[in-house]
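Quick look at model37.cif (mmCIF, C-alpha atoms):
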data_data
loop_
_atom_site.label_atom_id
_atom_site.label_comp_id
_atom_site.auth_asym_id
_atom_site.auth_seq_id
_atom_site.Cartn_x
_atom_site.Cartn_y
_atom_site.Cartn_z
CA MET H 1 1.94 -6.32 10.98
CA ALA H 2 0.55 -9.34 12.70
CA ALA H 3 -2.62 -10.26 14.45
CA LYS H 4 -2.79 -8.11 17.51
CA LYS H 5 -4.69 -8.05 20.75
CA ARG H 6 -6.20 -4.95 22.29
CA PRO H 7 -7.30 -4.47 25.86
CA SER H 8 -10.78 -5.65 26.70
CA LYS H 9 -13.50 -3.25 25.66
CA ALA H 10 -17.24 -3.38 25.41
CA ALA H 11 -18.43 -4.53 22.00
CA PRO H 12 -20.15 -1.95 19.76
CA ALA H 13 -23.89 -1.73 20.21
CA ASN H 14 -24.61 -2.99 16.71
CA GLY H 15 -22.00 -5.76 16.98
CA THR H 16 -20.03 -4.63 13.93
CA ALA H 17 -16.35 -3.90 13.66
CA VAL H 18 -13.84 -3.83 10.86
CA ASN H 19 -10.97 -6.30 10.82
CA PRO H 20 -8.00 -4.30 12.12
CA PRO H 21 -4.51 -4.81 10.81
CA GLU H 22 -2.64 -7.57 12.47
CA SER H 23 -1.87 -6.00 15.81
CA SER H 24 -3.45 -3.72 18.36
CA ILE H 25 -2.11 -1.15 20.76
CA ASN H 26 -2.39 -1.63 24.48
CA ASN H 27 -3.28 1.35 26.64
CA PRO H 28 -0.32 3.68 27.17
CA GLN H 29 1.87 2.42 29.99
CA PRO H 30 4.76 4.81 30.46
CA LYS H 31 6.54 2.38 32.74
CA SER H 32 6.47 -0.54 30.28
CA ASP H 33 9.64 -2.55 30.04
CA ASP H 34 11.54 -1.60 26.89
CA SER H 35 14.71 -3.50 27.64
CA SER H 36 14.02 -6.27 25.14
CA SER H 37 15.48 -5.65 21.68
CA ILE H 38 13.78 -6.61 18.44
CA ALA H 39 15.15 -9.24 16.10
CA PRO H 40 17.69 -8.08 13.49
CA ALA H 41 16.44 -6.99 10.08
CA LYS H 42 16.14 -9.73 7.46
CA VAL H 43 18.07 -7.64 4.94
CA LEU H 44 19.50 -10.58 2.97
CA LEU H 45 16.03 -12.06 2.48
CA ILE H 46 14.68 -8.69 1.35
CA PHE H 47 17.57 -8.31 -1.11
CA LYS H 48 16.79 -11.69 -2.68
CA ILE H 49 13.11 -10.82 -2.97
CA SER H 50 13.95 -7.42 -4.46
CA LEU H 51 15.96 -9.00 -7.27
CA ILE H 52 12.75 -10.52 -8.65
CA PHE H 53 11.61 -6.97 -9.40
CA LEU H 54 14.86 -5.05 -9.84
CA ILE H 55 16.25 -7.18 -12.67
CA PRO H 56 13.31 -6.68 -15.10
CA TYR H 57 12.83 -3.07 -13.93
CA PHE H 58 16.36 -1.92 -14.75
CA TYR H 59 16.39 -4.05 -17.89
CA LEU H 60 13.41 -2.03 -19.15
CA ILE H 61 15.07 1.26 -18.21
CA PHE H 62 18.53 0.65 -19.69
CA TYR H 63 18.04 -1.81 -22.54
CA HIS H 64 14.49 -2.47 -23.68
CA TYR H 65 13.28 1.12 -24.06
CA LYS H 66 15.08 4.17 -25.38
CA ILE H 67 14.31 6.61 -22.58
CA GLU H 68 15.61 10.17 -22.82
CA SER H 69 18.85 10.61 -20.91
CA GLU H 70 17.49 13.48 -18.79
CA LEU H 71 14.41 11.51 -17.75
CA ARG H 72 16.49 8.40 -17.05
CA ARG H 73 18.83 10.53 -14.95
CA SER H 74 15.93 11.83 -12.83
CA ILE H 75 14.62 8.30 -12.29
CA LEU H 76 18.06 7.05 -11.24
CA ILE H 77 18.64 9.99 -8.87
CA ASN H 78 15.28 9.22 -7.30
CA ALA H 79 16.32 5.54 -7.02
CA VAL H 80 19.59 6.45 -5.27
CA VAL H 81 17.83 8.75 -2.81
CA SER H 82 15.27 5.99 -2.24
CA LEU H 83 18.06 3.51 -1.47
CA ILE H 84 19.31 5.91 1.19
CA GLY H 85 15.76 5.92 2.52
CA PHE H 86 15.85 2.11 2.75
CA PHE H 87 18.96 2.13 4.93
CA GLY H 88 17.56 5.03 6.95
CA THR H 89 14.40 3.03 7.65
CA VAL H 90 16.34 -0.09 8.65
CA THR H 91 18.49 2.00 10.98
CA MET H 92 15.69 3.97 12.63
CA ILE H 93 13.15 1.20 13.27
CA PRO H 94 15.10 -0.48 16.13
CA VAL H 95 15.57 2.92 17.79
CA ALA H 96 11.92 3.90 17.40
CA SER H 97 10.80 0.48 18.66
CA LYS H 98 12.32 1.17 22.07
CA TYR H 99 10.38 4.42 22.35
CA MET H 100 7.14 2.71 21.27
CA LEU H 101 7.57 0.05 23.96
CA ARG H 102 8.46 2.68 26.54
CA ARG H 103 5.21 4.54 25.83
CA GLY H 104 3.14 1.37 25.87
CA LEU H 105 2.53 1.27 22.10
CA PHE H 106 2.77 -2.46 21.57
CA GLY H 107 0.63 -5.44 20.62
CA LEU H 108 0.47 -9.19 21.23
CA ASP H 109 0.43 -11.51 18.23
CA ILE H 110 -2.92 -13.34 18.31
CA ASN H 111 -1.79 -15.79 15.63
CA LYS H 112 0.86 -17.04 18.05
CA LYS H 113 -1.33 -17.17 21.15
CA GLY H 114 -0.45 -20.13 23.34
CA THR H 115 3.20 -20.12 22.29
CA PRO H 116 6.16 -18.22 23.82
CA GLN H 117 6.08 -15.79 20.88
CA GLY H 118 2.46 -14.96 21.66
CA SER H 119 3.38 -13.30 24.95
CA ILE H 120 6.10 -11.04 23.53
CA LYS H 121 5.35 -7.32 23.41
CA VAL H 122 5.72 -6.27 19.78
CA PRO H 123 6.22 -2.52 19.14
CA GLU H 124 3.36 -0.98 17.16
CA SER H 125 2.88 1.86 14.67
CA LEU H 126 6.31 1.56 13.04
CA GLY H 127 4.69 2.77 9.84
CA LEU H 128 5.34 6.21 11.30
CA ILE H 129 9.06 5.75 10.61
CA VAL H 130 8.43 4.61 7.05
CA GLY H 131 6.20 7.60 6.35
CA GLY H 132 8.63 10.02 7.95
CA VAL H 133 11.63 8.75 5.98
CA PHE H 134 9.53 8.73 2.78
CA LEU H 135 8.60 12.38 3.23
CA VAL H 136 12.21 13.40 3.85
CA VAL H 137 13.37 11.52 0.75
CA ALA H 138 10.55 12.90 -1.43
CA ILE H 139 11.19 16.48 -0.29
CA LEU H 140 14.96 16.22 -0.81
CA PHE H 141 14.37 14.88 -4.32
CA GLN H 142 12.76 18.20 -5.28
CA THR H 143 16.22 19.74 -5.08
CA PHE H 144 17.39 17.62 -8.01
CA ASN H 145 14.33 17.58 -10.24
CA PHE H 146 11.90 20.48 -9.83
CA THR H 147 12.52 24.18 -10.39
CA ALA H 148 10.54 26.92 -8.68
CA ASP H 149 8.42 27.48 -11.80
CA SER H 150 7.81 23.79 -12.52
CA ASN H 151 4.23 23.02 -13.51
CA TRP H 152 4.38 19.79 -11.51
CA LEU H 153 5.70 21.30 -8.29
CA VAL H 154 2.28 22.37 -6.98
CA GLU H 155 0.76 18.93 -7.53
CA TYR H 156 3.86 17.23 -6.15
CA ASN H 157 3.65 19.19 -2.91
CA ALA H 158 -0.13 18.68 -2.76
CA ALA H 159 0.46 14.93 -3.11
CA LEU H 160 2.99 15.00 -0.26
CA SER H 161 0.53 17.01 1.84
CA SER H 162 -2.19 14.39 1.34
CA ILE H 163 0.21 11.56 2.15
CA CYS H 164 1.51 13.34 5.27
CA PHE H 165 -2.05 14.16 6.38
CA MET H 166 -3.10 10.53 5.93
CA MET H 167 -0.06 9.23 7.80
CA LEU H 168 -0.77 11.46 10.80
CA LEU H 169 -4.45 10.50 10.82
CA GLY H 170 -3.37 6.85 10.73
CA PHE H 171 -1.19 7.39 13.78
CA VAL H 172 -4.12 9.04 15.54
CA ASP H 173 -6.16 5.94 14.71
CA ASP H 174 -3.42 3.71 16.16
CA VAL H 175 -3.39 5.65 19.40
CA LEU H 176 -7.12 6.36 19.83
CA ASP H 177 -8.52 3.22 18.14
CA VAL H 178 -11.30 5.14 16.37
CA PRO H 179 -14.49 3.32 15.22
CA TRP H 180 -14.43 1.83 11.73
CA ARG H 181 -17.05 4.26 10.43
CA VAL H 182 -14.68 7.09 11.29
CA LYS H 183 -11.85 5.20 9.56
CA LEU H 184 -13.79 5.50 6.30
CA LEU H 185 -13.87 9.28 6.65
CA LEU H 186 -10.17 9.78 7.37
CA PRO H 187 -8.96 9.29 3.74
CA SER H 188 -11.70 11.63 2.49
CA ILE H 189 -10.20 14.40 4.61
CA ALA H 190 -6.60 13.62 3.69
CA ALA H 191 -7.39 13.65 -0.04
CA LEU H 192 -8.60 17.28 0.01
CA PRO H 193 -5.17 18.94 -0.60
CA LEU H 194 -4.71 16.80 -3.71
CA LEU H 195 -8.21 17.48 -5.04
CA MET H 196 -7.92 21.23 -4.48
CA ALA H 197 -4.54 21.45 -6.23
CA TYR H 198 -5.37 19.06 -9.10
CA ALA H 199 -5.08 20.93 -12.41
CA GLY H 200 -4.98 17.97 -14.77
CA HIS H 201 -7.59 16.88 -17.27
CA THR H 202 -11.02 15.63 -16.21
CA THR H 203 -11.69 13.73 -19.44
CA ILE H 204 -11.90 10.03 -20.20
CA ILE H 205 -11.35 8.20 -23.47
CA ILE H 206 -14.47 6.32 -24.52
CA PRO H 207 -13.70 2.65 -25.33
CA LYS H 208 -13.74 2.15 -29.10
CA PRO H 209 -16.59 -0.42 -29.05
CA LEU H 210 -18.81 2.19 -27.36
CA VAL H 211 -17.92 5.24 -29.49
CA SER H 212 -20.71 4.55 -31.99
CA TYR H 213 -23.26 4.44 -29.16
CA VAL H 214 -22.01 7.44 -27.21
CA GLY H 215 -21.15 9.58 -30.21
CA LEU H 216 -17.96 10.88 -28.60
CA GLU H 217 -14.36 9.71 -28.44
CA ILE H 218 -13.49 11.88 -25.43
CA LEU H 219 -15.90 12.77 -22.64
CA ASP H 220 -15.29 15.56 -20.11
CA LEU H 221 -16.66 14.47 -16.72
CA GLY H 222 -15.83 17.70 -14.88
CA TRP H 223 -16.56 17.47 -11.14
CA ILE H 224 -17.60 13.83 -11.51
CA TYR H 225 -13.97 12.96 -12.33
CA LYS H 226 -12.80 14.61 -9.12
CA LEU H 227 -15.47 12.70 -7.22
CA TYR H 228 -14.06 9.51 -8.74
CA MET H 229 -10.55 10.53 -7.63
CA TRP H 230 -11.85 11.14 -4.11
CA LEU H 231 -13.56 7.73 -3.95
CA LEU H 232 -10.46 6.01 -5.36
CA ALA H 233 -8.31 7.52 -2.60
CA ILE H 234 -10.79 6.31 0.03
CA PHE H 235 -10.91 2.79 -1.42
CA CYS H 236 -7.15 2.32 -1.86
CA THR H 237 -6.42 3.50 1.66
CA ASN H 238 -9.04 1.37 3.40
CA SER H 239 -8.53 -1.71 1.20
CA ILE H 240 -4.92 -2.09 2.35
CA ASN H 241 -6.10 -1.59 5.92
CA ILE H 242 -8.66 -4.42 5.93
CA HIS H 243 -6.67 -6.96 3.89
CA ALA H 244 -4.57 -7.82 6.92
CA GLY H 245 -4.11 -10.17 9.84
CA ILE H 246 -0.86 -12.08 9.33
CA ASN H 247 2.83 -11.23 9.51
CA GLY H 248 4.08 -9.41 6.42
CA LEU H 249 0.80 -9.22 4.53
CA GLU H 250 0.17 -5.46 4.64
CA VAL H 251 3.74 -4.51 3.71
CA GLY H 252 4.06 -7.45 1.30
CA GLN H 253 1.01 -6.51 -0.76
CA THR H 254 2.24 -2.91 -0.84
CA VAL H 255 5.63 -4.03 -2.17
CA VAL H 256 4.07 -6.21 -4.88
CA ILE H 257 1.67 -3.50 -6.08
CA ALA H 258 4.38 -0.83 -5.96
CA ALA H 259 6.67 -3.00 -8.09
CA ALA H 260 3.88 -3.50 -10.63
CA ILE H 261 3.20 0.26 -10.70
CA LEU H 262 6.86 1.03 -11.42
CA ILE H 263 7.11 -1.50 -14.24
CA HIS H 264 3.85 -0.18 -15.72
CA ASN H 265 5.15 3.39 -15.60
CA ILE H 266 8.40 2.48 -17.36
CA MET H 267 6.50 0.57 -20.05
CA GLN H 268 4.24 3.56 -20.68
CA ILE H 269 7.16 5.99 -20.79
CA GLY H 270 9.02 3.77 -23.25
CA ALA H 271 6.03 3.25 -25.53
CA SER H 272 4.86 6.88 -25.70
CA ALA H 273 6.07 9.86 -27.67
CA ASP H 274 3.97 12.42 -25.76
CA PRO H 275 6.23 14.44 -23.37
CA GLU H 276 3.32 15.34 -21.07
CA TYR H 277 2.22 11.70 -20.84
CA LYS H 278 5.78 10.61 -20.06
CA GLN H 279 6.10 13.24 -17.34
CA ALA H 280 2.89 12.07 -15.69
CA HIS H 281 4.24 8.53 -15.40
CA ALA H 282 7.65 9.79 -14.28
CA PHE H 283 5.84 11.78 -11.59
CA SER H 284 4.30 8.52 -10.37
CA ILE H 285 7.75 6.88 -10.28
CA TYR H 286 9.13 9.72 -8.15
CA LEU H 287 6.53 8.89 -5.49
CA VAL H 288 6.47 5.10 -5.69
CA GLN H 289 10.21 4.38 -5.70
CA PRO H 290 10.76 5.96 -2.25
CA MET H 291 7.64 4.22 -0.93
CA LEU H 292 8.87 0.86 -2.21
CA ALA H 293 12.34 1.32 -0.72
CA THR H 294 11.11 2.37 2.71
CA SER H 295 8.46 -0.38 2.69
CA LEU H 296 11.16 -2.97 1.99
CA GLY H 297 13.04 -1.65 5.01
CA LEU H 298 9.93 -2.18 7.13
CA LEU H 299 9.32 -5.62 5.61
CA SER H 300 12.76 -6.71 6.79
CA PHE H 301 11.39 -6.44 10.35
CA ASN H 302 7.75 -7.30 9.65
CA TRP H 303 8.27 -10.57 7.73
CA TYR H 304 7.43 -13.74 9.65
CA PRO H 305 8.14 -13.93 12.51
CA SER H 306 7.38 -10.24 12.82
CA SER H 307 9.38 -8.23 15.32
CA VAL H 308 7.39 -5.01 14.73
CA PHE H 309 3.80 -4.16 13.81
CA VAL H 310 3.17 -1.55 11.13
CA GLY H 311 -0.11 -0.14 12.44
CA ASP H 312 -2.82 1.76 10.61
CA THR H 313 -0.18 4.46 10.14
CA PHE H 314 1.48 2.39 7.44
CA THR H 315 -1.63 0.99 5.74
CA TYR H 316 -3.12 4.48 5.38
CA PHE H 317 0.19 5.91 4.20
CA ALA H 318 0.72 3.16 1.63
CA GLY H 319 -2.84 3.25 0.31
CA MET H 320 -2.85 7.03 -0.10
CA THR H 321 0.57 7.06 -1.78
CA MET H 322 -0.48 4.51 -4.40
CA ALA H 323 -3.80 6.29 -4.93
CA VAL H 324 -2.02 9.60 -5.48
CA ALA H 325 0.46 7.94 -7.87
CA GLY H 326 -2.39 6.40 -9.88
CA ILE H 327 -4.41 9.62 -10.00
CA LEU H 328 -1.60 11.97 -11.00
CA GLY H 329 -0.07 9.34 -13.28
CA HIS H 330 -3.45 8.95 -15.02
CA PHE H 331 -3.69 5.15 -14.78
CA SER H 332 -6.46 4.72 -12.21
CA GLU H 333 -8.12 1.92 -14.21
CA THR H 334 -4.89 -0.08 -14.23
CA LEU H 335 -4.40 0.63 -10.53
CA LEU H 336 -7.78 -0.90 -9.70
CA ILE H 337 -6.81 -4.11 -11.49
CA PHE H 338 -3.55 -4.19 -9.53
CA PHE H 339 -5.83 -3.96 -6.46
CA LEU H 340 -7.93 -6.94 -7.57
CA PRO H 341 -7.24 -9.02 -4.38
CA GLN H 342 -8.19 -5.98 -2.30
CA VAL H 343 -11.40 -5.60 -4.33
CA LEU H 344 -12.24 -9.27 -3.74
CA ASN H 345 -11.48 -8.90 -0.04
CA PHE H 346 -13.78 -5.88 0.14
CA LEU H 347 -16.61 -7.75 -1.60
CA LEU H 348 -16.19 -10.69 0.80
CA SER H 349 -16.16 -8.29 3.73
CA LEU H 350 -19.15 -6.21 2.62
CA PRO H 351 -21.90 -8.23 4.39
CA GLN H 352 -20.07 -7.90 7.71
CA LEU H 353 -19.03 -4.29 7.17
CA ALA H 354 -22.64 -3.41 6.34
CA GLY H 355 -23.90 -5.14 9.49
CA ILE H 356 -25.90 -7.76 7.58
CA ILE H 357 -23.83 -10.52 9.18
CA PRO H 358 -22.41 -10.21 12.73
CA CYS H 359 -18.84 -8.94 12.62
CA PRO H 360 -16.38 -9.84 15.42
CA ARG H 361 -13.67 -7.44 16.50
CA HIS H 362 -10.90 -9.61 15.04
CA ARG H 363 -11.79 -11.41 11.81
CA LEU H 364 -8.76 -13.65 12.05
CA PRO H 365 -8.10 -17.35 11.41
CA LYS H 366 -7.98 -19.77 14.32
CA PHE H 367 -4.49 -20.66 15.49
CA ASP H 368 -3.63 -24.12 16.82
CA PRO H 369 -0.62 -23.77 19.16
CA GLN H 370 -0.03 -27.54 19.01
CA THR H 371 0.53 -27.68 15.26
CA GLY H 372 1.33 -24.03 14.54
CA LEU H 373 -1.26 -24.03 11.73
CA LEU H 374 -4.07 -21.59 10.94
CA THR H 375 -7.64 -22.68 10.21
CA GLY H 376 -10.07 -20.51 8.25
CA THR H 377 -13.20 -19.18 9.94
CA SER H 378 -16.52 -18.16 8.41
CA ASP H 379 -15.55 -14.49 8.44
CA GLY H 380 -15.59 -12.74 5.09
CA THR H 381 -11.92 -12.05 4.39
CA LEU H 382 -9.62 -13.25 1.65
CA VAL H 383 -7.31 -14.67 4.33
CA ASN H 384 -10.05 -16.94 5.68
CA PHE H 385 -11.33 -17.73 2.18
CA PHE H 386 -7.93 -19.06 1.11
CA LEU H 387 -7.67 -21.17 4.25
CA ARG H 388 -11.15 -22.62 3.70
CA GLN H 389 -10.32 -23.49 0.09
CA LEU H 390 -6.71 -24.68 0.49
CA GLY H 391 -6.86 -26.13 3.99
CA ARG H 392 -4.83 -25.39 7.08
CA MET H 393 -1.35 -23.96 6.67
CA SER H 394 1.28 -22.03 8.58
CA GLU H 395 1.15 -18.26 8.83
CA GLN H 396 4.25 -17.81 6.70
CA SER H 397 2.98 -20.17 3.97
CA LEU H 398 -0.38 -18.39 3.91
CA CYS H 399 1.31 -15.02 3.50
CA VAL H 400 3.42 -16.33 0.61
CA VAL H 401 0.32 -17.76 -1.10
CA LEU H 402 -1.56 -14.47 -0.76
CA LEU H 403 1.38 -12.45 -2.09
CA VAL H 404 1.81 -14.84 -5.04
CA PHE H 405 -1.90 -14.35 -5.77
CA GLN H 406 -1.32 -10.59 -5.63
CA ALA H 407 1.55 -10.91 -8.12
CA ILE H 408 -0.57 -13.11 -10.42
CA CYS H 409 -3.30 -10.45 -10.43
CA CYS H 410 -0.74 -7.81 -11.38
CA CYS H 411 0.55 -10.02 -14.21
CA PHE H 412 -3.06 -10.54 -15.33
CA CYS H 413 -3.41 -6.77 -15.53
CA PHE H 414 -0.40 -6.51 -17.84
CA LEU H 415 -1.79 -9.34 -20.00
CA LEU H 416 -5.21 -7.70 -20.14
CA ARG H 417 -3.75 -4.37 -21.22
CA TRP H 418 -1.74 -6.12 -23.94
CA LEU H 419 -4.79 -8.01 -25.25
CA LEU H 420 -6.99 -4.90 -25.31
CA THR H 421 -4.42 -2.53 -26.84
CA GLY H 422 -5.77 -1.09 -30.08
CA TRP H 423 -9.23 -2.57 -29.56
CA TYR H 424 -10.45 -1.18 -26.26
CA LYS H 425 -8.78 2.26 -26.46
#

Show how you would write the structure in this file as structure tokens.
Amino acid sequence: MAAKKRPSKAAPANGTAVNPPESSINNPQPKSDDSSSIAPAKVLLIFKISLIFLIPYFYLIFYHYKIESELRRSILINAVVSLIGFFGTVTMIPVASKYMLRRGLFGLDINKKGTPQGSIKVPESLGLIVGGVFLVVAILFQTFNFTADSNWLVEYNAALSSICFMMLLGFVDDVLDVPWRVKLLLPSIAALPLLMAYAGHTTIIIPKPLVSYVGLEILDLGWIYKLYMWLLAIFCTNSINIHAGINGLEVGQTVVIAAAILIHNIMQIGASADPEYKQAHAFSIYLVQPMLATSLGLLSFNWYPSSVFVGDTFTYFAGMTMAVAGILGHFSETLLIFFLPQVLNFLLSLPQLAGIIPCPRHRLPKFDPQTGLLTGTSDGTLVNFFLRQLGRMSEQSLCVVLLVFQAICCCFCFLLRWLLTGWYK
């Protein structure tokens, strides 16, 4: 997405508001002009970026680890279906954009205000296409991998139900512009199908240095574990939503985290001899590969300069999908480290979200139309923090810096797991 401008509204009584993703929806205007076409997809750029991940990913699958042929076959079938989803997304976004403009679902890019690009109507809520294609791909994949009596089928469908529920609630948020306090509740509702269908373990492994103090190696948390799952789903969904404000950031961070999740899953499958453990990580792959492919299709339009906005529909969809993958794949601790930039952004945002410090409607950098550079404000976001520390820079450069930081945090997670292996757990 990109910084977006909504129609004028009265400020909330307490003066607090969450930073919305980069664009906002204008009031529905059925007679809006939809004759303008969006810029072509940056498919070649996306292909080059994808190679950074695809080369090590397929190296691990085919050469580094000896993965069972049947499991490898399922992963590759899922990858092929996901590739179809990528092309489906790229094909459908231009068509859907015309309908969004026709119905008045568009935004103006605040980070380009004062330039010709700042007055262009950018179609909003294109995350709806990504989520729709993802669901079709994920449902079709069941034909190749799950039988009617599969133990994983119930949880797989429950996961898709939660993702679909979250996507629809995100679209409602895009259209109705619900208050931020309500935004916090939406993921808690969408996570219910997953929590009700969850039949996995509710135990945790006590870190080895603490075993002598606790007296147990494995602790059953019962309902507390499900409460943790519920809170994790809420955090992941909202953390993607508030770490926003510049072209390509929401989809970019999703792509980086999804790539890290896939590599982590393959590493765990290759290093384990437990069939149930392998299946849990394969289950995560079956969800994340289609999400990554469809997100790359969206990124081809959302990268700077963005020709579409993704809306809360996408941020909620992406956050819930990764939360579900982490929960059912049983690597929620690792997932939180992958989300380290989002955790930092949340901590920086907390004083404003809690109303301790006044919170403007748009917590965005200041744009100078003369130079085309962004300047950090005092608002508590990682975007503004980086600008205050590194100085003014262009929107595209800032996005690249933030995504590189996201990738570094993911690499730090892999290093941390390697250092703690055998000592921590």

Inset, instruction - Excluding region 279-283 of chain H and residues on its chain fewer than 4 positions from it, collect all residues at most 8 Å away from it, counting all atoms listed in the file, and give them as a VMD selection string. - result: chain H and resid 71 75 156 265 to 266 268 to 269 275 287 325 328 to 330

Inset, instruction - Point out the residue among H:Phe144, H:Phe53, H:Phe338, H:Phe367 with the least atom-to-atom distance to Phe405 (chain H), counting all atoms listed in the file. - result: H:Phe338

Legend entry - the PyMOL selection byres ((chain H and resi 77) around 12) resolved against shown file, as a list in words: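 For this structure, the PyMOL selection byres ((chain H and resi 77) around 12) resolves to Glu70, Leu71, Arg72, Arg73, Ser74, Ile75, Leu76, Asn78, Ala79, Val80, Val81, Ser82, Leu83, Ile84, Val137, Ala138, Leu140, Phe141, Gln142, Thr143, Phe144, Asn145, Ile285, Tyr286, Gln289 and Pro290 of chain H.
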
Next, the residues of the selection above should be written as a PDB file, in the coordinates of the input with C-alpha atoms.
ATOM      1  CA  GLU H  70      17.490  13.480 -18.790  1.00  0.00           C
ATOM      2  CA  LEU H  71      14.410  11.510 -17.750  1.00  0.00           C
ATOM      3  CA  ARG H  72      16.490   8.400 -17.050  1.00  0.00           C
ATOM      4  CA  ARG H  73      18.830  10.530 -14.950  1.00  0.00           C
ATOM      5  CA  SER H  74      15.930  11.830 -12.830  1.00  0.00           C
ATOM      6  CA  ILE H  75      14.620   8.300 -12.290  1.00  0.00           C
ATOM      7  CA  LEU H  76      18.060   7.050 -11.240  1.00  0.00           C
ATOM      8  CA  ASN H  78      15.280   9.220  -7.300  1.00  0.00           C
ATOM      9  CA  ALA H  79      16.320   5.540  -7.020  1.00  0.00           C
ATOM     10  CA  VAL H  80      19.590   6.450  -5.270  1.00  0.00           C
ATOM     11  CA  VAL H  81      17.830   8.750  -2.810  1.00  0.00           C
ATOM     12  CA  SER H  82      15.270   5.990  -2.240  1.00  0.00           C
ATOM     13  CA  LEU H  83      18.060   3.510  -1.470  1.00  0.00           C
ATOM     14  CA  ILE H  84      19.310   5.910   1.190  1.00  0.00           C
ATOM     15  CA  VAL H 137      13.370  11.520   0.750  1.00  0.00           C
ATOM     16  CA  ALA H 138      10.550  12.900  -1.430  1.00  0.00           C
ATOM     17  CA  LEU H 140      14.960  16.220  -0.810  1.00  0.00           C
ATOM     18  CA  PHE H 141      14.370  14.880  -4.320  1.00  0.00           C
ATOM     19  CA  GLN H 142      12.760  18.200  -5.280  1.00  0.00           C
ATOM     20  CA  THR H 143      16.220  19.740  -5.080  1.00  0.00           C
ATOM     21  CA  PHE H 144      17.390  17.620  -8.010  1.00  0.00           C
ATOM     22  CA  ASN H 145      14.330  17.580 -10.240  1.00  0.00           C
ATOM     23  CA  ILE H 285       7.750   6.880 -10.280  1.00  0.00           C
ATOM     24  CA  TYR H 286       9.130   9.720  -8.150  1.00  0.00           C
ATOM     25  CA  GLN H 289      10.210   4.380  -5.700  1.00  0.00           C
ATOM     26  CA  PRO H 290      10.760   5.960  -2.250  1.00  0.00           C
TER      27      PRO H 290
END

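Neighbouring residues of Ala197 (chain H) at 9 Å or closer, counting only C-alpha atoms and skipping chain neighbours under 5 positions away, are H:Val154, H:Glu155, H:Ala158, H:Ala159, H:Leu192.
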
Inset, instruction - Could you list the residues chosen by the PyMOL selection byres ((chain H and resi 334) around 10) in this structure as a PyMOL selection string? - result: chain H and resi 261+264+326+330-333+335-339+410+413-414+416-417

Just write the chosen residues, C-alpha atoms, as a CSV table (one decimal), in the frame of the given file.
chain,number,residue,atom,x,y,z
H,261,ILE,CA,3.2,0.3,-10.7
H,264,HIS,CA,3.8,-0.2,-15.7
H,326,GLY,CA,-2.4,6.4,-9.9
H,330,HIS,CA,-3.4,9.0,-15.0
H,331,PHE,CA,-3.7,5.2,-14.8
H,332,SER,CA,-6.5,4.7,-12.2
H,333,GLU,CA,-8.1,1.9,-14.2
H,335,LEU,CA,-4.4,0.6,-10.5
H,336,LEU,CA,-7.8,-0.9,-9.7
H,337,ILE,CA,-6.8,-4.1,-11.5
H,338,PHE,CA,-3.6,-4.2,-9.5
H,339,PHE,CA,-5.8,-4.0,-6.5
H,410,CYS,CA,-0.7,-7.8,-11.4
H,413,CYS,CA,-3.4,-6.8,-15.5
H,414,PHE,CA,-0.4,-6.5,-17.8
H,416,LEU,CA,-5.2,-7.7,-20.1
H,417,ARG,CA,-3.8,-4.4,-21.2

Inset, instruction - Run through the PyMOL selection byres ((chain H and resi 399) around 9) on the given coordinates and return the selected residues as a ChimeraX atom specification. - result: /H:246-249,252,304,383,394-398,400-404

Inset, instruction - Name the residues in contact with Val133 (chain H) at a cut-off of 10 Å, using all atoms listed in the file, excluding same-chain residues fewer than 6 positions from it; report them as an MDAnalysis selection string. - result: chainID H and resid 82 84:89 92 127 139 290:291 294

Legend entry - Residue neighbourhood Ile234 (chain H), 9 Å, all atoms listed in the file, exclusion window fewer than 6 positions, as a ChimeraX atom specification: /H:184-188,191,319-320,323

Legend entry - Atomic separation - CA of Leu128 (chain H) relative to CA of His362 (chain H), Å: 23.0 Å

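Using all atoms listed in the file, the smallest distance between any of H:Gly131, H:Pro207, H:Pro179, H:Pro341 and Leu353 (chain H) comes from H:Pro179.
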
Inset, instruction - For each of H:Ile242, H:Gly372, H:Lys112, H:Thr315, take the minimum atom-to-atom distance to Val343 (chain H), counting only C-alpha atoms, then give the residue where this is smallest. - result: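 When distances to Val343 (chain H) are compared using only C-alpha atoms, the smallest one comes from H:Ile242.
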
Legend entry - Residue nearest Tyr57 (chain H) - candidates H:Leu387, H:Ala259, H:Val130, H:Trp223, atoms counted: only C-alpha atoms: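 Nearest to Tyr57 (chain H): H:Ala259.
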
Inset, instruction - Find the distance between CA of Met100 (chain H) and CA of Val288 (chain H) and write it in Å to one decimal. - result: 27.1 Å

Inset, instruction - Measuring atom to atom with all atoms listed in the file, identify which of H:Val251, H:Leu51, H:Leu415, H:Cys236 is nearest to Gly297 (chain H). - result: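 Under the stated criterion, the closest residue is H:Val251.
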
Test item: residues at most 9 Å from Lys121 (chain H), only C-alpha atoms, excluding those fewer than 6 positions along its chain, as a PDB file with C-alpha atoms, keeping the file's coordinate frame:
ATOM      1  CA  SER H  36      14.020  -6.270  25.140  1.00  0.00           C
ATOM      2  CA  LEU H 101       7.570   0.050  23.960  1.00  0.00           C
ATOM      3  CA  PHE H 106       2.770  -2.460  21.570  1.00  0.00           C
ATOM      4  CA  GLY H 107       0.630  -5.440  20.620  1.00  0.00           C
ATOM      5  CA  LEU H 108       0.470  -9.190  21.230  1.00  0.00           C
ATOM      6  CA  ASP H 109       0.430 -11.510  18.230  1.00  0.00           C
TER       7      ASP H 109
END
